[in-house]
2 protein chains.
Amino acid sequence: MKNLRRRRQIDFAAAIEKRLVDTVITATTLTVDLGIRSYPIVIGNGVLGEYDLGQHIAGSDCLIVTNDTIGPLYLDACQRSLSGKAVESIALPDGEEHKTTDTMHLILDKLVSMGANRDVSVIALGGGVVGDIAGFAASCYMRGVGFLQVPTTLLAQVDSSVGGKTGVNLATGKNLVGAFYQPDVVLIDTNTLSTLDSREFSAGLAEVIKYGAIVDADFFAWLETNLDAVIARDTDALIYAIRRSCELKAEVVADDEREQGRRAILNFGHTFGHAIEKLQGYGDWLHGEAVAAGMVMAATLSGLSEKDVERLRALIAKAGLPVAPPPLATDDWLDVMAMDKKVQNKTMRFVLLYAIGDATVSDTVSVDALRSVIEGTQQ
Amino acid sequence: MKNLRRRRQIDFAAAIEKRLVDTVITATTLTVDLGIRSYPIVIGNGVLGEYDLGQHIAGSDCLIVTNDTIGPLYLDACQRSLSGKAVESIALPDGEEHKTTDTMHLILDKLVSMGANRDVSVIALGGGVVGDIAGFAASCYMRGVGFLQVPTTLLAQVDSSVGGKTGVNLATGKNLVGAFYQPDVVLIDTNTLSTLDSREFSAGLAEVIKYGAIVDADFFAWLETNLDAVIARDTDALIYAIRRSCELKAEVVADDEREQGRRAILNFGHTFGHAIEKLQGYGDWLHGEAVAAGMVMAATLSGLSEKDVERLRALIAKAGLPVAPPPLATDDWLDVMAMDKKVQNKTMRFVLLYAIGDATVSDTVSVDALRSVIEGTQQ
């Protein structure tokens with residue numbers, strides 16, 4: 001374990017060294033191993049506009065799906081990465097409240113108006129909402145066309161661009177409609193984080209911390225030491241944190257593409273988090289903020305040692321994230337959680353920690369234990 | 001026979017008088033081989049209500065999706081095949097014009113109102129429209145839940161229930177939105193064809209003839225000899241024709257689940273057929289009727305011997321189907337076909353026949369040859 005940690009620290013040091021020596025833009029690539037649906041994740045600072053996305057596209061027609069915040073900043077660079085292709089674009093309204101089937105139909109209508117056929121590729125340029133809607137549209141237009149992800153928020157880079165989950169919300173629940181649909185490539189340009197506001201950035205850190213908490217105690221420890229550099233958006237620290245997050249998620253997803261079993265551990269903090277989002281009506285708390293408070297609740301429910309709960313709480317607080325949920329009635333919590341997608345046969349399932357870096361899925365949590373955590377962790 | 005009949009009465013306490021005159025129900029099963037997505041097709045006369053569909057369902061919640069024509073006839077029998085499960089149902093408005101995203105949302109809303117989780121199963125009871133909408137809803141509700149097909153029209157039994165294509169129409173085109181989603185089981189009860197009107201029955205025969213035309217000259221010859229018995233709905237002839245059609249389609253689909261190559265031969269007659277449907281506004285001609293005329297056009301375009309074109313034309317006519325398209329302007333044909341899903345890189349692709357039972361896909365058809373066929377085969 002110690003050796004592994006040392007090797008990772010050496011890798012990180014080597015990356016810094018490389019940057020000092022090498023002024024040209026370099027990219028690091030990892031592969032999500034899903035058999036014939038495997039795809040590469042390319043990560044680098046300044047890669048958007050330089051990297052040739054066309055090599056992953058069979059046809060010539062492309063539709064860039066972005067939003068009215070990200071488009072003005074990065075659409076030109078994205079088009080440079082698609083030079084030689086016939087590129088059109090569409091800007092969706094920005095915000096989770098627009099993650100609806102109506103918004104998805106804007107994309108479908110645009111594809112029809114382009115006369116797009118099965119060889120079209122849809123490129124999602126933006127955060128998780130853009131990626132989720134565009135991915136679902138790509139999955140179902142003519143039963144599936146090309147799909148490329150260019151995530152521009154930390155959350156999308158470390159979470160929603162890896163694993164193939166796409167979808168939209170219904171009025172009655174989040175992500176109730178969607179598809180498992182793998183992209184052809186994910187291009188992550190850490191430079192796009194320079195325009196991300198600090199609250200959104202912190203929300204993305206919630207998922208980064210989550211990977212350490214559920215599967216990699218060394219990465220958790222690395223974050224305890226290096227989170228300041230990540231928050232300062234130091235390029236090498238960022239690239240390492242993003243790459244390691246993607247690797248860890250990719251490993252879990254590769255084991256269980258369609259979320260039949262182990263992949264469920266990625267939902268650590270999410271059962272509580274989704275309840276917070278739903279009870280707040282989506283938008284009041286960011287997803288990452290809700291997950292952050294949810295992780296502290298789930299760790300408490302796990303019966304983890306107070307020392308380890310405190311380590312988690314401290315790292316979450318350092319990331320600028322809430323460590324407790326907003327005040328909500330206990331019965332509302334329980335009502336909402338019974339509708340969560342993670343429920344199987346009406347039994348509530350929770351991701352619990354044996355220790356930092358070691359998660360499990362439990363369906364034997366009692367309602368009393370749940371009540372106790374809900375009532376004990378209110379702000 | 002008497003003993004067997006008595007045993008059936010004991011086994012099925014809910015038996016109604018009709019069953020007293022039934023012969024023993026036997027079912028034949030074939031498997032669509034798609035690796036981990038393989039599934040059985042169970043075929044028999046009177047199997048609905050007798051066969052236990054529950055053995056293919058992991059959870060307990062079930063939603064039967066039917067329409068207001070089929071529901072009154074077969075919903076009770078379908079529920080008997082689901083005994084022991086918690087079964088709800090929804091009846092969609094009948095007709096291709098209702099194959100829309102709005103109708104699909106009726107199913108999604110129903111699932112939400114049931115509090116359905118990932119272990120719910122959706123059972124499509126009806127024709128191709130019900131199967132396509134219900135299958136798409138099942139594919140995307142919570143990113144995919146259980147799906148069973150109980151097709152009650154000949155077309156759905158031999159075509160749309162095999163192969164995993166689901167979807168709905170947009171105003172701008174047929175099946176423009178959908179998913180490849182395999183069912184867990186298909187249950188075909190030939191008894192349901194007793195209530196199918198003869199025009200719909202003939203429309204289904206178009207696809208049966210198609211399988212012979214594209215991959216099995218022996219089956220084509222069998223149809224030339226036995227079509228009268230099939231049309232008379234002789235049980236043994238029907239079961240053979242349906243089973244052989246499903247086998248042939250299953251073989252083609254198993255080779256090419258996501259329609260990258262060989263599966264395209266299943267579109268024989270469909271490029272012309274879809275154009276007829278689109279130019280007529282859907283509904284004026286039935287899908288099978290349009291495909292029938294389309295097959296004669298495609299055979300003519302193939303440069304097939306006049307003798308073989310005539311054999312195809314004669315069999316189609318014997319099935320009570322049109323052998324020529326309605327009068328439509330040539331430029332309208334060409335406009336509409338350029339938007340057909342089968343177009344790759346703006347090159348028109350056609351399924352052509354070298355001979356009866358031997359199809360190929362060509363992308364070298366000239367516009368002149370196409371014009372000539374369109375103008376030569378008008379009614």
# chains A, B, ... in the order shown; residues from 1 in each chain; ligands from 1
>>> residues_around(residues="segment 325-328 of chain A", least_positions_apart="2", cutoff="12 Å", atoms="only C-alpha atoms", output="JSON, numbers by chain")
{"A": [269, 272, 273, 274, 275, 276, 277, 278, 279, 280, 284, 285, 289, 290, 291, 292, 293, 294, 295, 296, 297, 298, 321, 322, 323, 330, 331, 332, 333, 334, 335, 336, 371, 373, 374, 375, 376, 377, 378, 379]}
>>> write_last_selection(atoms="N, CA and C atoms", output="compact mmCIF listing (two decimals), in the first residue's frame")
# COMPACT_ATOMS: atom_id res chain seq x y z
N GLY A 269 -23.40 8.52 -1.15
CA GLY A 269 -23.86 9.88 -0.88
C GLY A 269 -25.01 10.34 -1.74
N PHE A 272 -28.99 10.01 -0.35
CA PHE A 272 -29.29 11.20 0.46
C PHE A 272 -29.25 12.45 -0.41
N GLY A 273 -28.25 12.54 -1.28
CA GLY A 273 -28.08 13.73 -2.11
C GLY A 273 -29.28 13.98 -3.01
N HIS A 274 -29.76 12.92 -3.67
CA HIS A 274 -30.93 13.09 -4.54
C HIS A 274 -32.14 13.53 -3.74
N ALA A 275 -32.27 13.01 -2.53
CA ALA A 275 -33.40 13.42 -1.69
C ALA A 275 -33.32 14.92 -1.38
N ILE A 276 -32.11 15.38 -1.08
CA ILE A 276 -31.94 16.82 -0.81
C ILE A 276 -32.33 17.63 -2.04
N GLU A 277 -31.83 17.21 -3.22
CA GLU A 277 -32.14 17.95 -4.44
C GLU A 277 -33.64 17.96 -4.72
N LYS A 278 -34.26 16.80 -4.53
CA LYS A 278 -35.68 16.69 -4.85
C LYS A 278 -36.52 17.52 -3.88
N LEU A 279 -36.19 17.45 -2.59
CA LEU A 279 -36.96 18.20 -1.59
C LEU A 279 -36.75 19.70 -1.75
N GLN A 280 -35.60 20.08 -2.28
CA GLN A 280 -35.32 21.50 -2.50
C GLN A 280 -35.85 21.95 -3.87
N ASP A 284 -31.58 24.71 -5.95
CA ASP A 284 -31.22 25.49 -4.78
C ASP A 284 -29.83 25.05 -4.32
N TRP A 285 -29.67 23.76 -4.15
CA TRP A 285 -28.35 23.20 -3.90
C TRP A 285 -27.85 22.61 -5.22
N GLU A 289 -23.04 19.64 -4.11
CA GLU A 289 -23.24 20.07 -2.72
C GLU A 289 -24.14 19.08 -1.99
N ALA A 290 -25.20 18.65 -2.68
CA ALA A 290 -26.12 17.69 -2.07
C ALA A 290 -25.41 16.37 -1.81
N VAL A 291 -24.57 15.95 -2.77
CA VAL A 291 -23.82 14.70 -2.61
C VAL A 291 -22.83 14.82 -1.45
N ALA A 292 -22.22 16.00 -1.31
CA ALA A 292 -21.24 16.21 -0.23
C ALA A 292 -21.90 15.97 1.12
N ALA A 293 -23.02 16.65 1.36
CA ALA A 293 -23.74 16.43 2.62
C ALA A 293 -24.21 14.98 2.72
N GLY A 294 -24.62 14.43 1.58
CA GLY A 294 -25.09 13.04 1.56
C GLY A 294 -23.99 12.06 1.94
N MET A 295 -22.74 12.36 1.54
CA MET A 295 -21.63 11.46 1.88
C MET A 295 -21.39 11.44 3.39
N VAL A 296 -21.49 12.62 4.02
CA VAL A 296 -21.31 12.65 5.48
C VAL A 296 -22.42 11.84 6.15
N MET A 297 -23.65 11.98 5.63
CA MET A 297 -24.77 11.22 6.19
C MET A 297 -24.55 9.71 6.00
N ALA A 298 -24.12 9.33 4.79
CA ALA A 298 -23.91 7.90 4.50
C ALA A 298 -22.77 7.34 5.34
N LEU A 321 -17.52 22.75 0.63
CA LEU A 321 -18.81 22.08 0.46
C LEU A 321 -19.52 21.89 1.80
N PRO A 322 -20.85 21.80 1.76
CA PRO A 322 -21.61 21.61 3.00
C PRO A 322 -21.40 20.21 3.58
N VAL A 323 -21.31 20.12 4.91
CA VAL A 323 -21.10 18.84 5.57
C VAL A 323 -22.38 18.33 6.23
N THR A 330 -38.26 14.83 8.62
CA THR A 330 -37.83 13.44 8.50
C THR A 330 -38.78 12.63 7.61
N ASP A 331 -40.08 12.84 7.75
CA ASP A 331 -41.04 12.08 6.94
C ASP A 331 -40.90 12.41 5.45
N ASP A 332 -40.56 13.67 5.14
CA ASP A 332 -40.33 14.04 3.74
C ASP A 332 -39.12 13.28 3.18
N TRP A 333 -38.06 13.20 3.98
CA TRP A 333 -36.89 12.41 3.58
C TRP A 333 -37.32 10.99 3.21
N LEU A 334 -38.04 10.36 4.12
CA LEU A 334 -38.37 8.94 3.93
C LEU A 334 -39.28 8.76 2.72
N ASP A 335 -40.24 9.65 2.55
CA ASP A 335 -41.14 9.58 1.39
C ASP A 335 -40.35 9.62 0.09
N VAL A 336 -39.48 10.62 0.01
CA VAL A 336 -38.75 10.84 -1.23
C VAL A 336 -37.78 9.69 -1.52
N ARG A 371 -33.66 7.16 10.26
CA ARG A 371 -34.22 8.31 10.99
C ARG A 371 -33.17 8.94 11.89
N VAL A 373 -29.95 9.00 11.61
CA VAL A 373 -28.95 9.76 10.85
C VAL A 373 -29.55 11.07 10.34
N ILE A 374 -30.76 10.98 9.80
CA ILE A 374 -31.42 12.17 9.27
C ILE A 374 -31.57 13.22 10.38
N GLU A 375 -32.01 12.78 11.52
CA GLU A 375 -32.26 13.73 12.61
C GLU A 375 -30.98 14.18 13.28
N GLY A 376 -29.93 13.35 13.23
CA GLY A 376 -28.67 13.69 13.89
C GLY A 376 -27.77 14.60 13.07
N THR A 377 -28.01 14.67 11.73
CA THR A 377 -27.08 15.45 10.89
C THR A 377 -27.70 16.71 10.31
N GLN A 378 -28.93 17.03 10.72
CA GLN A 378 -29.55 18.27 10.21
C GLN A 378 -28.69 19.46 10.59
N GLN A 379 -28.66 20.44 9.70
CA GLN A 379 -27.90 21.67 9.98
C GLN A 379 -28.56 22.47 11.11
>>> interface_residues(of="chain B", to="chain A", cutoff="6 Å", atoms="only C-alpha atoms", output="ChimeraX atom specification")
/B:140-143,176-179,341
>>> write_last_selection(atoms="N, CA, C and O atoms", output="PDB file, in the first residue's frame")
ATOM      1  N   CYS B 140     -35.987   3.178 -21.885  1.00  0.00           N
ATOM      2  CA  CYS B 140     -35.473   4.429 -21.305  1.00  0.00           C
ATOM      3  C   CYS B 140     -36.012   4.751 -19.918  1.00  0.00           C
ATOM      4  O   CYS B 140     -35.450   5.610 -19.251  1.00  0.00           O
ATOM      5  N   TYR B 141     -37.054   4.052 -19.445  1.00  0.00           N
ATOM      6  CA  TYR B 141     -37.492   4.308 -18.068  1.00  0.00           C
ATOM      7  C   TYR B 141     -36.386   3.835 -17.134  1.00  0.00           C
ATOM      8  O   TYR B 141     -35.983   2.666 -17.158  1.00  0.00           O
ATOM      9  N   MET B 142     -35.867   4.745 -16.343  1.00  0.00           N
ATOM     10  CA  MET B 142     -34.737   4.452 -15.459  1.00  0.00           C
ATOM     11  C   MET B 142     -33.584   3.785 -16.213  1.00  0.00           C
ATOM     12  O   MET B 142     -32.881   2.932 -15.671  1.00  0.00           O
ATOM     13  N   ARG B 143     -33.439   4.168 -17.475  1.00  0.00           N
ATOM     14  CA  ARG B 143     -32.384   3.660 -18.376  1.00  0.00           C
ATOM     15  C   ARG B 143     -32.503   2.163 -18.654  1.00  0.00           C
ATOM     16  O   ARG B 143     -31.510   1.504 -18.984  1.00  0.00           O
ATOM     17  N   LEU B 176     -37.912   7.872 -36.174  1.00  0.00           N
ATOM     18  CA  LEU B 176     -36.696   8.697 -36.092  1.00  0.00           C
ATOM     19  C   LEU B 176     -36.093   8.682 -34.692  1.00  0.00           C
ATOM     20  O   LEU B 176     -34.944   9.037 -34.504  1.00  0.00           O
ATOM     21  N   VAL B 177     -36.886   8.277 -33.691  1.00  0.00           N
ATOM     22  CA  VAL B 177     -36.398   8.229 -32.317  1.00  0.00           C
ATOM     23  C   VAL B 177     -36.662   6.838 -31.762  1.00  0.00           C
ATOM     24  O   VAL B 177     -37.781   6.337 -31.891  1.00  0.00           O
ATOM     25  N   GLY B 178     -35.664   6.236 -31.157  1.00  0.00           N
ATOM     26  CA  GLY B 178     -35.894   4.906 -30.610  1.00  0.00           C
ATOM     27  C   GLY B 178     -34.631   4.311 -30.028  1.00  0.00           C
ATOM     28  O   GLY B 178     -33.654   5.015 -29.775  1.00  0.00           O
ATOM     29  N   ALA B 179     -34.684   3.012 -29.801  1.00  0.00           N
ATOM     30  CA  ALA B 179     -33.548   2.308 -29.211  1.00  0.00           C
ATOM     31  C   ALA B 179     -33.522   0.883 -29.740  1.00  0.00           C
ATOM     32  O   ALA B 179     -34.546   0.348 -30.147  1.00  0.00           O
ATOM     33  N   LYS B 341     -33.712   6.677 -43.432  1.00  0.00           N
ATOM     34  CA  LYS B 341     -32.648   6.287 -42.503  1.00  0.00           C
ATOM     35  C   LYS B 341     -31.590   5.416 -43.153  1.00  0.00           C
ATOM     36  O   LYS B 341     -30.481   5.321 -42.694  1.00  0.00           O
TER      37      LYS B 341
END
>>> residues_around(residues="Gln182 of chain B", least_positions_apart="6", cutoff="12 Å", atoms="only C-alpha atoms", output="PyMOL selection string")
chain B and resi 32-41+131-132+134-136+138-139+144-149+160-166+250+253-254+257-258
>>> residues_around(residues="Ser81 of chain A", least_positions_apart="6", cutoff="8 Å", atoms="only C-alpha atoms", output="list in words")
Leu48, Gly49, Glu50, Tyr51, Asp52, Leu53 and Gly54 of chain A
>>> select_by_dssp(residues="segment 245-334 of chain B", states="alpha helix (DSSP H)", output="tab-separated table (two decimals) with N, CA, C and O atoms, in the first residue's frame")
chain	number	residue	atom	x	y	z
B	245	SER	N	-40.43	-17.65	-40.25
B	245	SER	CA	-40.14	-16.22	-40.40
B	245	SER	C	-39.29	-15.71	-39.24
B	245	SER	O	-38.30	-14.99	-39.43
B	246	CYS	N	-39.69	-16.09	-38.02
B	246	CYS	CA	-38.94	-15.66	-36.84
B	246	CYS	C	-37.52	-16.22	-36.87
B	246	CYS	O	-36.55	-15.52	-36.55
B	247	GLU	N	-37.39	-17.50	-37.26
B	247	GLU	CA	-36.06	-18.11	-37.35
B	247	GLU	C	-35.17	-17.35	-38.32
B	247	GLU	O	-34.00	-17.06	-38.04
B	248	LEU	N	-35.73	-17.06	-39.48
B	248	LEU	CA	-34.94	-16.39	-40.51
B	248	LEU	C	-34.55	-14.99	-40.05
B	248	LEU	O	-33.40	-14.57	-40.18
B	249	LYS	N	-35.50	-14.27	-39.47
B	249	LYS	CA	-35.16	-12.93	-38.99
B	249	LYS	C	-34.15	-13.03	-37.86
B	249	LYS	O	-33.19	-12.25	-37.80
B	250	ALA	N	-34.37	-13.98	-36.95
B	250	ALA	CA	-33.46	-14.13	-35.81
B	250	ALA	C	-32.03	-14.42	-36.27
B	250	ALA	O	-31.07	-13.91	-35.70
B	251	GLU	N	-31.89	-15.25	-37.31
B	251	GLU	CA	-30.55	-15.55	-37.83
B	251	GLU	C	-29.87	-14.29	-38.35
B	251	GLU	O	-28.69	-14.05	-38.11
B	252	VAL	N	-30.62	-13.50	-39.09
B	252	VAL	CA	-30.04	-12.27	-39.65
B	252	VAL	C	-29.70	-11.29	-38.54
B	252	VAL	O	-28.61	-10.70	-38.51
B	253	VAL	N	-30.61	-11.15	-37.57
B	253	VAL	CA	-30.39	-10.20	-36.48
B	253	VAL	C	-29.21	-10.64	-35.61
B	253	VAL	O	-28.39	-9.82	-35.19
B	254	ALA	N	-29.12	-11.94	-35.35
B	254	ALA	CA	-28.03	-12.44	-34.49
B	254	ALA	C	-26.67	-12.13	-35.10
B	254	ALA	O	-25.70	-11.88	-34.39
B	255	ASP	N	-26.61	-12.11	-36.43
B	255	ASP	CA	-25.36	-11.79	-37.11
B	255	ASP	C	-24.99	-10.32	-36.97
B	255	ASP	O	-23.83	-9.95	-37.14
B	270	HIS	N	-38.30	-1.86	-48.22
B	270	HIS	CA	-38.67	-0.85	-47.23
B	270	HIS	C	-38.29	0.56	-47.62
B	270	HIS	O	-38.91	1.52	-47.17
B	271	THR	N	-37.23	0.73	-48.40
B	271	THR	CA	-36.87	2.08	-48.81
B	271	THR	C	-37.99	2.67	-49.67
B	271	THR	O	-38.45	3.78	-49.45
B	272	PHE	N	-38.44	1.86	-50.64
B	272	PHE	CA	-39.60	2.29	-51.42
B	272	PHE	C	-40.86	2.35	-50.55
B	272	PHE	O	-41.66	3.28	-50.65
B	273	GLY	N	-41.02	1.36	-49.69
B	273	GLY	CA	-42.22	1.29	-48.86
B	273	GLY	C	-42.36	2.49	-47.93
B	273	GLY	O	-43.43	3.08	-47.81
B	274	HIS	N	-41.24	2.86	-47.27
B	274	HIS	CA	-41.30	4.02	-46.38
B	274	HIS	C	-41.65	5.29	-47.16
B	274	HIS	O	-42.36	6.16	-46.67
B	275	ALA	N	-41.11	5.38	-48.37
B	275	ALA	CA	-41.42	6.56	-49.20
B	275	ALA	C	-42.92	6.61	-49.50
B	275	ALA	O	-43.54	7.68	-49.42
B	276	ILE	N	-43.50	5.46	-49.82
B	276	ILE	CA	-44.95	5.42	-50.07
B	276	ILE	C	-45.71	5.87	-48.82
B	276	ILE	O	-46.59	6.74	-48.88
B	277	GLU	N	-45.33	5.32	-47.67
B	277	GLU	CA	-46.03	5.69	-46.43
B	277	GLU	C	-45.90	7.17	-46.14
B	277	GLU	O	-46.85	7.83	-45.74
B	278	LYS	N	-44.69	7.69	-46.34
B	278	LYS	CA	-44.46	9.10	-46.00
B	278	LYS	C	-45.22	10.01	-46.96
B	278	LYS	O	-45.86	10.97	-46.54
B	279	LEU	N	-45.16	9.68	-48.24
B	279	LEU	CA	-45.85	10.54	-49.22
B	279	LEU	C	-47.36	10.45	-49.06
B	279	LEU	O	-48.08	11.40	-49.38
B	287	HIS	N	-48.37	-0.43	-43.54
B	287	HIS	CA	-46.94	-0.65	-43.72
B	287	HIS	C	-46.68	-1.86	-44.64
B	287	HIS	O	-45.90	-1.77	-45.60
B	288	GLY	N	-47.35	-2.96	-44.38
B	288	GLY	CA	-47.12	-4.17	-45.17
B	288	GLY	C	-47.51	-4.00	-46.62
B	288	GLY	O	-46.88	-4.57	-47.53
B	289	GLU	N	-48.55	-3.22	-46.87
B	289	GLU	CA	-48.97	-2.96	-48.24
B	289	GLU	C	-47.90	-2.14	-48.97
B	289	GLU	O	-47.55	-2.43	-50.13
B	290	ALA	N	-47.38	-1.13	-48.27
B	290	ALA	CA	-46.34	-0.31	-48.88
B	290	ALA	C	-45.08	-1.13	-49.15
B	290	ALA	O	-44.44	-0.99	-50.19
B	291	VAL	N	-44.75	-2.01	-48.21
B	291	VAL	CA	-43.57	-2.87	-48.38
B	291	VAL	C	-43.79	-3.83	-49.56
B	291	VAL	O	-42.87	-4.12	-50.33
B	292	ALA	N	-45.02	-4.34	-49.69
B	292	ALA	CA	-45.32	-5.27	-50.78
B	292	ALA	C	-45.03	-4.62	-52.14
B	292	ALA	O	-44.28	-5.16	-52.97
B	293	ALA	N	-45.60	-3.44	-52.35
B	293	ALA	CA	-45.33	-2.73	-53.60
B	293	ALA	C	-43.85	-2.39	-53.71
B	293	ALA	O	-43.24	-2.48	-54.79
B	294	GLY	N	-43.24	-2.03	-52.56
B	294	GLY	CA	-41.82	-1.71	-52.54
B	294	GLY	C	-40.94	-2.89	-52.95
B	294	GLY	O	-39.91	-2.72	-53.60
B	295	MET	N	-41.36	-4.10	-52.56
B	295	MET	CA	-40.57	-5.29	-52.92
B	295	MET	C	-40.59	-5.51	-54.43
B	295	MET	O	-39.57	-5.88	-55.02
B	296	VAL	N	-41.75	-5.30	-55.06
B	296	VAL	CA	-41.80	-5.45	-56.51
B	296	VAL	C	-40.90	-4.41	-57.18
B	296	VAL	O	-40.14	-4.72	-58.12
B	297	MET	N	-40.92	-3.19	-56.65
B	297	MET	CA	-40.05	-2.14	-57.19
B	297	MET	C	-38.58	-2.50	-57.01
B	297	MET	O	-37.77	-2.36	-57.92
B	298	ALA	N	-38.23	-2.97	-55.81
B	298	ALA	CA	-36.83	-3.31	-55.54
B	298	ALA	C	-36.37	-4.50	-56.39
B	298	ALA	O	-35.23	-4.54	-56.86
B	299	ALA	N	-37.28	-5.47	-56.60
B	299	ALA	CA	-36.94	-6.62	-57.44
B	299	ALA	C	-36.69	-6.16	-58.88
B	299	ALA	O	-35.76	-6.62	-59.55
B	300	THR	N	-37.51	-5.23	-59.35
B	300	THR	CA	-37.35	-4.68	-60.69
B	300	THR	C	-36.01	-3.94	-60.80
B	300	THR	O	-35.24	-4.12	-61.75
B	301	LEU	N	-35.72	-3.12	-59.77
B	301	LEU	CA	-34.46	-2.38	-59.73
B	301	LEU	C	-33.26	-3.34	-59.73
B	301	LEU	O	-32.17	-3.00	-60.21
B	306	GLU	N	-37.17	-11.75	-65.37
B	306	GLU	CA	-38.60	-11.41	-65.41
B	306	GLU	C	-39.42	-12.54	-64.79
B	306	GLU	O	-40.44	-12.29	-64.13
B	307	LYS	N	-38.94	-13.76	-64.96
B	307	LYS	CA	-39.65	-14.92	-64.37
B	307	LYS	C	-39.69	-14.80	-62.83
B	307	LYS	O	-40.73	-15.03	-62.20
B	308	ASP	N	-38.57	-14.42	-62.24
B	308	ASP	CA	-38.54	-14.33	-60.77
B	308	ASP	C	-39.32	-13.11	-60.28
B	308	ASP	O	-39.97	-13.16	-59.23
B	309	VAL	N	-39.23	-12.01	-61.01
B	309	VAL	CA	-40.05	-10.85	-60.63
B	309	VAL	C	-41.52	-11.25	-60.66
B	309	VAL	O	-42.30	-10.90	-59.77
B	310	GLU	N	-41.87	-12.04	-61.66
B	310	GLU	CA	-43.26	-12.46	-61.80
B	310	GLU	C	-43.68	-13.40	-60.66
B	310	GLU	O	-44.80	-13.32	-60.16
B	311	ARG	N	-42.77	-14.29	-60.25
B	311	ARG	CA	-43.08	-15.16	-59.11
B	311	ARG	C	-43.37	-14.32	-57.86
B	311	ARG	O	-44.31	-14.58	-57.12
B	312	LEU	N	-42.52	-13.32	-57.65
B	312	LEU	CA	-42.71	-12.44	-56.48
B	312	LEU	C	-44.04	-11.70	-56.59
B	312	LEU	O	-44.82	-11.63	-55.64
B	313	ARG	N	-44.28	-11.16	-57.79
B	313	ARG	CA	-45.50	-10.39	-58.01
B	313	ARG	C	-46.74	-11.28	-57.78
B	313	ARG	O	-47.70	-10.87	-57.13
B	314	ALA	N	-46.67	-12.52	-58.26
B	314	ALA	CA	-47.81	-13.44	-58.14
B	314	ALA	C	-48.08	-13.80	-56.68
B	314	ALA	O	-49.23	-13.85	-56.23
B	315	LEU	N	-47.01	-14.04	-55.92
B	315	LEU	CA	-47.19	-14.41	-54.51
B	315	LEU	C	-47.77	-13.24	-53.72
B	315	LEU	O	-48.64	-13.41	-52.86
B	316	ILE	N	-47.27	-12.06	-54.03
B	316	ILE	CA	-47.77	-10.86	-53.35
B	316	ILE	C	-49.24	-10.63	-53.68
B	316	ILE	O	-50.06	-10.32	-52.80
B	317	ALA	N	-49.59	-10.81	-54.94
B	317	ALA	CA	-50.99	-10.65	-55.35
B	317	ALA	C	-51.88	-11.69	-54.66
B	317	ALA	O	-52.98	-11.39	-54.19
B	318	LYS	N	-51.37	-12.93	-54.59
B	318	LYS	CA	-52.12	-14.01	-53.94
B	318	LYS	C	-52.39	-13.71	-52.47
B	318	LYS	O	-53.41	-14.11	-51.90
B	330	THR	N	-42.42	11.65	-59.44
B	330	THR	CA	-41.07	11.10	-59.32
B	330	THR	C	-40.17	11.96	-58.43
B	330	THR	O	-39.41	11.43	-57.60
B	331	ASP	N	-40.27	13.28	-58.57
B	331	ASP	CA	-39.42	14.14	-57.74
B	331	ASP	C	-39.75	14.02	-56.26
B	331	ASP	O	-38.86	14.13	-55.40
B	332	ASP	N	-41.03	13.79	-55.95
B	332	ASP	CA	-41.41	13.58	-54.55
B	332	ASP	C	-40.76	12.31	-54.01
B	332	ASP	O	-40.25	12.28	-52.89
B	333	TRP	N	-40.80	11.26	-54.82
B	333	TRP	CA	-40.11	10.02	-54.44
B	333	TRP	C	-38.65	10.31	-54.07
B	333	TRP	O	-38.17	9.91	-53.02
B	334	LEU	N	-37.97	10.98	-54.99
B	334	LEU	CA	-36.52	11.18	-54.81
B	334	LEU	C	-36.24	12.06	-53.58
B	334	LEU	O	-35.32	11.79	-52.81
>>> atom_distance(atom1="atom CA of Leu227 of chain B", atom2="atom CA of Leu125 of chain B")
26.6 Å
>>> closest_residue(among="A:Gly71, A:Gly357, A:Gly84, A:Gly320", to="Gly127 of chain A", atoms="only C-alpha atoms")
A:Gly71
>>> residues_around(residues="Phe219 of chain A", least_positions_apart="5", cutoff="9 Å", atoms="only C-alpha atoms", output="PyMOL selection string")
chain A and resi 5+8+209+211-213+224+241+244-245+357
>>> residues_around(residues="segment 362-364 of chain A", least_positions_apart="3", cutoff="7 Å", atoms="only C-alpha atoms", output="list in words")
Thr347, Met348, Arg349, Phe350, Val351 and Leu352 of chain A
>>> atom_distance(atom1="atom CA of Asp236 of chain A", atom2="atom CA of Phe201 of chain A")
16.3 Å
>>> atom_distance(atom1="atom CA of Pro93 of chain A", atom2="atom CA of Ala124 of chain A")
13.8 Å
>>> closest_residue(among="B:Val129, B:Ala264, B:Ala232, B:Val158", to="Thr100 of chain B", atoms="only C-alpha atoms")
B:Val129
